[in-house]
Amino acid sequence: MATTIQNIISAFNILYSDCLNDHETNKFYTENKTELLPLVRYHLLGYFGCLESKAQIKITRDKKGWLDFIINDDVAVEFVVKNTNYNRSILNKNTNSDDVKKLMRYEGKSLLILFDLSPNTANETVIKKLEEYADRPSLGQGNHNKYPFNVVYFYQNEDEITYKHINVDKNGTIKWLSFDD
């Protein structure tokens, strides 16, 4: 059975909610990507049953990179965390350009997961950050195959834990797949 983007979003939504709701016993909101990756790996492995971590991909003619996860040999996932101690710029497109390049080069479905663990993130801030991803980074000279990718931004605003989801097609056009304002 093929894994859908919505299945993966549901899995990360559970994980994100748990990271924020367990303040007394685990202070996940203070941890960075390196500290959270083992937790994410075990969560996804339990949720999907099949997971490859650290899959290599060719980004440009001279550069290779590693994807964080490939779920069920079907969907590539890159994971970025902004904890309460980091500046919000860690979730910017420019900061994550290498992650975006890897997803642009992946031929199947791909997904960039952004976890903003800081409290009270404004919806307007999230929309602005997501719109930046339409300006795709250059892969250098040559006629590179570029594939569409998804970006999902999980955050907590003043009312609830929520997320916004966009798809960026191969031309850099954004399609909003969840827009609840």
# chains A, B, ... in the order shown; residues from 1 in each chain; ligands from 1
>>> select_by_dssp(residues="chain A", states="strand (DSSP E)", output="count of residues only")
53
>>> closest_atom_pairs(of="segment 33-118 of chain A", to="segment 151-161 of chain A", cutoff="10 Å", atoms="only C-alpha atoms", output="Markdown table")
| residue | atom | partner | partner_atom | distance |
| --- | --- | --- | --- | --- |
| A:Val77 | CA | A:Val151 | CA | 9.8 |
| A:Glu78 | CA | A:Val151 | CA | 9.5 |
| A:Phe79 | CA | A:Val152 | CA | 9.9 |
| A:Val80 | CA | A:Tyr153 | CA | 9.6 |
| A:Val81 | CA | A:Phe154 | CA | 9.8 |
| A:Lys82 | CA | A:Tyr155 | CA | 9.9 |
| A:Leu91 | CA | A:Tyr153 | CA | 8.8 |
| A:Val100 | CA | A:Val151 | CA | 9.3 |
| A:Ser110 | CA | A:Val151 | CA | 8.7 |
| A:Leu111 | CA | A:Val151 | CA | 5.7 |
| A:Leu112 | CA | A:Val151 | CA | 4.7 |
| A:Ile113 | CA | A:Val152 | CA | 5.1 |
| A:Leu114 | CA | A:Tyr153 | CA | 4.7 |
| A:Phe115 | CA | A:Phe154 | CA | 5.1 |
| A:Asp116 | CA | A:Tyr155 | CA | 5.1 |
| A:Leu117 | CA | A:Tyr155 | CA | 6.6 |
| A:Ser118 | CA | A:Gln156 | CA | 7.3 |
>>> select_by_dssp(residues="segment 59-136 of chain A", states="alpha helix (DSSP H)", output="list in words")
Ser97, Asp98, Asp99, Val100, Lys101, Lys102, Leu103, Met104, Arg105, Asn123, Glu124, Thr125, Val126, Ile127, Lys128, Lys129, Leu130, Glu131 and Glu132 of chain A
>>> residues_around(residues="Asn145 of chain A", least_positions_apart="3", cutoff="12 Å", atoms="only C-alpha atoms", output="compact mmCIF listing (two decimals) with C-alpha atoms, in the first residue's frame")
# COMPACT_ATOMS: atom_id res chain seq x y z
CA LYS A 58 22.59 13.17 -5.73
CA ILE A 59 21.90 16.91 -5.49
CA THR A 60 24.11 18.26 -8.26
CA ARG A 61 26.76 16.79 -10.51
CA LYS A 101 17.52 20.79 -2.99
CA LYS A 102 17.46 17.17 -1.84
CA LEU A 103 13.66 17.09 -2.04
CA MET A 104 13.65 18.79 -5.45
CA ARG A 105 15.91 16.01 -6.75
CA TYR A 106 13.88 13.14 -5.28
CA GLU A 107 11.76 11.57 -8.01
CA SER A 138 19.43 26.85 -7.83
CA LEU A 139 20.92 23.44 -8.54
CA GLY A 140 23.75 25.00 -10.54
CA GLN A 141 24.44 24.81 -14.25
CA GLY A 142 22.76 22.20 -16.36
CA PRO A 148 7.53 18.93 -6.76
CA LYS A 170 8.41 21.91 -10.41
CA ASN A 171 7.99 25.52 -11.59
>>> closest_residue(among="A:Thr4, A:Asn32, A:Gly65, A:Leu15", to="Gly46 of chain A", atoms="only C-alpha atoms")
A:Leu15
>>> residues_around(residues="Glu52 of chain A", least_positions_apart="5", cutoff="10 Å", atoms="only C-alpha atoms", output="compact mmCIF listing (two decimals) with N, CA and C atoms, in the first residue's frame")
# COMPACT_ATOMS: atom_id res chain seq x y z
N ARG A 41 12.49 8.87 14.51
CA ARG A 41 12.71 7.60 13.81
C ARG A 41 11.85 6.49 14.42
N LEU A 45 8.77 4.59 12.61
CA LEU A 45 8.89 3.14 12.45
C LEU A 45 7.68 2.43 13.05
N LEU A 67 19.10 12.14 2.81
CA LEU A 67 17.73 12.42 3.24
C LEU A 67 17.56 11.90 4.67
N ASP A 68 16.77 12.58 5.47
CA ASP A 68 16.56 12.14 6.85
C ASP A 68 15.84 10.79 6.89
N PHE A 69 14.77 10.65 6.09
CA PHE A 69 13.99 9.40 6.10
C PHE A 69 13.40 9.13 4.72
N ILE A 70 13.24 7.84 4.42
CA ILE A 70 12.38 7.42 3.32
C ILE A 70 11.39 6.44 3.93
N ILE A 71 10.12 6.77 3.83
CA ILE A 71 9.07 5.97 4.46
C ILE A 71 8.49 5.01 3.44
N ASN A 72 8.48 3.73 3.79
CA ASN A 72 7.93 2.65 2.95
C ASN A 72 8.45 2.68 1.52
N ASP A 73 9.73 3.01 1.36
CA ASP A 73 10.37 3.09 0.03
C ASP A 73 9.58 3.97 -0.93
N ALA A 76 10.13 10.62 0.60
CA ALA A 76 11.31 11.20 1.24
C ALA A 76 10.87 12.29 2.21
>>> closest_residue(among="A:Ala55, A:Val75, A:Cys50, A:Leu130", to="Thr173 of chain A", atoms="only C-alpha atoms")
A:Leu130
>>> atom_distance(atom1="atom CA of Glu35 of chain A", atom2="atom CA of Tyr16 of chain A")
14.4 Å
>>> closest_residue(among="A:Lys54, A:Lys64, A:Lys33, A:His165", to="Glu131 of chain A", atoms="only C-alpha atoms")
A:His165
>>> atom_distance(atom1="atom CA of Leu51 of chain A", atom2="atom CA of Asn96 of chain A")
22.7 Å
>>> atom_distance(atom1="atom CA of Gly108 of chain A", atom2="atom CA of Ile127 of chain A")
25.5 Å
>>> closest_residue(among="A:Ser97, A:Asn92, A:Thr162, A:Asn167", to="Glu132 of chain A", atoms="only C-alpha atoms")
A:Asn92
